[in-house]
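Trainee: Below is a structure I'd like to ask you about.
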Amino acid sequence: MSLKLFDLTGRRALITGSSQGIGLALARGLAEAGAAVVLNGRDRAKLEAAAARLKADGLAVDIAAFDVTDSAAVDAGVARIEAELGPVGILCNNAGVNLRGALHEMPDETWHTVIATNLHSAFYCARAVAKGMVARGQGKIINTCSVMSMLGRATTGPYTATKGAIGMLTKAMCADWAKHGIQCNGIAPGYFSTELTAPLRANPEFNDWLCKRTPAGRWGELPELVGAAVFLASDASSYVNGHLLYVDGGLTSVV
Ligand code: GCO
Ligand code: CA
C-alpha cells in the first residue's frame, strides 16, 4: 500500500462555505494533499483574505463567490469554475450556519435560513457538479454532517434537522450516483474549536459539560478533521459510499 492512494495531485476541489472554520481547514488539508482548491462563500473580501493565506503557503487556490442558497447562482458559479479552471472532481458541501433558539420561540425566517444554507445548498451544488462527474464516470462528494446527524441538543432544532437530513441525503446521493463511479460520503464532526462554536467555548458551564461528555476529554482542533477529508476525497476510499465518518473524539459512541 502506498501513500499515493491519498495523493490528490491533478484534482480540483470546490469547498462551499470555506472562508473560515471547518471549510477553510478542509480546503487547506485537500490542498496540502495536492488538490487545486476553490474557496466559496458569499463574501468576496473574506474569500480573498482566506485564499491569500493558503497562497502564502504555496498552495493552489482560487475563489468563487456565489450564494449557495441561490440555485441559479450555484449553476452559474459551477459552470464558470468548470469553464475557466476545469472540472470539479471533488465537492465538499460544507456551507452551514447554526442559528440557535428554542423552537417554540423561533421565527420562520430563522428556520428557513438554516434549512436553505445547510440543506438546499448541498442539493444545488451536488446537482451542479454531478452532471460532469456522471459524464466522466468519476467524482467525490463529501457532505459536512455532524454529531447532530445522530443526536439532538436543546436550542439547535433547525441545525440538527438539517444535519440529520444531509446525512440521509448522503445515502440518497450514493443510491443515485455510485453506479457512475461517484463516491458520496459524510464527515460528521463532533465539537471543534471554530468561529461557529466560539460562543459555546466561552461558556464555562458548557465547556465543562462538553469535556466530560466527550471521551477524548477536549474540543477537536481543526487540523484533526483533515485526515478524514483527504481519505474520503482520494482513491483510498474508492469503495466507501454512503458512509458517515464521525470525527468526534468518541462522543457518539458512549453515554
Ligand atoms: C451546538 C454546536 C454543534 C456543533 C457541531 C457539533 O450548538 O451544539 O454548535 O451543533 O456546531 O455541529 O458537531
Ligand atoms: Ca460563507
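Residue numbering restarts at 1 for every chain of the C-alpha cells, chains are lettered A, B, ... in their displayed order, and ligands are numbered from 1 as they appear.
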Could you tell me, counting only C-alpha atoms and all ligand atoms, which protein and nucleic acid residues lie no more than 10 Å from ligand 1, written as a PyMOL selection string?

Mentor: chain A and resi 96-101+144-157+159-160+163+187-201+206+210+220+246-248+251

Trainee: Could you take the residues named above and write them with C-alpha atoms, as a compact mmCIF listing (two decimals), in the first residue's frame?

Mentor:
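File written: again.txt
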```txt
# COMPACT_ATOMS: atom_id res chain seq x y z
CA GLY A 96 -23.54 25.78 7.21
CA VAL A 97 -24.94 28.06 9.84
CA ASN A 98 -26.29 27.38 13.32
CA LEU A 99 -28.90 29.90 14.48
CA ARG A 100 -29.77 28.74 17.97
CA GLY A 101 -33.01 29.26 19.88
CA THR A 144 -20.25 18.08 6.19
CA CYS A 145 -22.57 16.32 8.60
CA SER A 146 -22.27 16.49 12.39
CA VAL A 147 -22.81 14.59 15.61
CA MET A 148 -26.17 16.33 15.26
CA SER A 149 -26.81 13.96 12.35
CA MET A 150 -27.48 11.45 15.14
CA LEU A 151 -28.03 13.47 18.34
CA GLY A 152 -30.20 16.43 19.34
CA ARG A 153 -29.30 19.23 21.70
CA ALA A 154 -31.69 21.85 23.07
CA THR A 155 -31.80 25.15 21.08
CA THR A 156 -30.29 23.64 17.92
CA GLY A 157 -33.54 22.49 16.26
CA TYR A 159 -29.40 22.88 12.58
CA THR A 160 -30.00 19.37 13.94
CA LYS A 163 -27.61 17.63 9.79
CA ILE A 187 -17.74 13.81 7.62
CA ALA A 188 -19.53 14.19 10.95
CA PRO A 189 -17.52 16.42 13.27
CA GLY A 190 -18.03 16.48 16.99
CA TYR A 191 -17.32 19.70 18.87
CA PHE A 192 -14.43 21.58 17.25
CA SER A 193 -12.90 24.94 18.09
CA THR A 194 -14.33 27.17 15.34
CA GLU A 195 -15.99 30.58 14.97
CA LEU A 196 -19.35 28.76 14.97
CA THR A 197 -18.74 27.19 18.38
CA ALA A 198 -16.93 30.16 19.94
CA PRO A 199 -20.00 31.18 21.99
CA LEU A 200 -20.10 27.67 23.49
CA ARG A 201 -16.43 27.64 24.39
CA PHE A 206 -20.94 24.27 28.51
CA LEU A 210 -18.53 19.07 26.70
CA GLY A 220 -11.40 18.91 18.49
CA TYR A 246 -17.68 10.52 12.71
CA VAL A 247 -14.70 12.60 13.83
CA ASP A 248 -15.94 13.30 17.33
CA LEU A 251 -18.80 11.44 21.60
```

Trainee: Fewer than 6 positions away in the same chain doesn't count, so skip those; otherwise give me all residues within 7 Å of region 76-83 of chain A, counting only C-alpha atoms, as a ChimeraX atom specification.

Mentor: /A:64,66,128-129

Trainee: Can I get the selected residues back with N, CA and C atoms, as an mmCIF file, in the first residue's frame?

Mentor:
```cif
data_model
loop_
_atom_site.group_PDB
_atom_site.id
_atom_site.type_symbol
_atom_site.label_atom_id
_atom_site.label_comp_id
_atom_site.auth_asym_id
_atom_site.auth_seq_id
_atom_site.Cartn_x
_atom_site.Cartn_y
_atom_site.Cartn_z
ATOM 1 N N ALA A 64 -14.416 31.425 -5.679
ATOM 2 C CA ALA A 64 -15.666 31.526 -6.459
ATOM 3 C C ALA A 64 -16.747 32.023 -5.504
ATOM 4 N N PHE A 66 -20.215 32.913 -4.666
ATOM 5 C CA PHE A 66 -21.632 32.836 -5.032
ATOM 6 C C PHE A 66 -22.403 32.314 -3.825
ATOM 7 N N ALA A 128 -25.197 20.398 -9.489
ATOM 8 C CA ALA A 128 -24.417 21.154 -10.483
ATOM 9 C C ALA A 128 -23.130 20.418 -10.864
ATOM 10 N N VAL A 129 -22.442 19.819 -9.888
ATOM 11 C CA VAL A 129 -21.174 19.141 -10.222
ATOM 12 C C VAL A 129 -21.415 17.705 -10.708
#
```

Trainee: Nearest residue to Ser238 (chain A) out of A:Ile63, A:Ala102, A:Ile182, A:Ala73, using only C-alpha atoms?

Mentor: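 Counting only C-alpha atoms, the residue closest to Ser238 (chain A) is A:Ile182.
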
Trainee: Would you name the residues within 7 Å of ligand 2, counting only C-alpha atoms and all ligand atoms, and put them as a PyMOL selection string?

Mentor: chain A and resi 17-19+40-43+95

Trainee: Compile the contact shell of Gly89 (chain A) as a list in words: residues with an atom at most 10 Å away, counting only C-alpha atoms, same-chain residues fewer than 6 positions apart removed.

Mentor: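 Once the adjacent positions are removed, what remains is Gly10, Arg11, Arg12, Ala13, Leu14, Ala35, Val129, Ala130, Gly132, Met133, Arg136, Gln138, Gly139, Lys140, Ile141, Ile182 and Ala233 of chain A.
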
Trainee: Which residue, A:His112, A:Lys171, A:Lys4, A:Lys131, has the smallest gap to Cys184 (chain A) when you use only C-alpha atoms?

Mentor: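 When distances to Cys184 (chain A) are compared using only C-alpha atoms, the smallest one comes from A:Lys171.
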
Trainee: Would you please extract all helix (DSSP H, G or I) residues from region 160-219 of chain A, as assigned by DSSP on the backbone, and give them as a ChimeraX atom specification?

Mentor: /A:160-180,198-201,204-213

Trainee: What is the distance between CA of Asp70 (chain A) and CA of Ser121 (chain A), in Å to one decimal?

Mentor: 7.7 Å
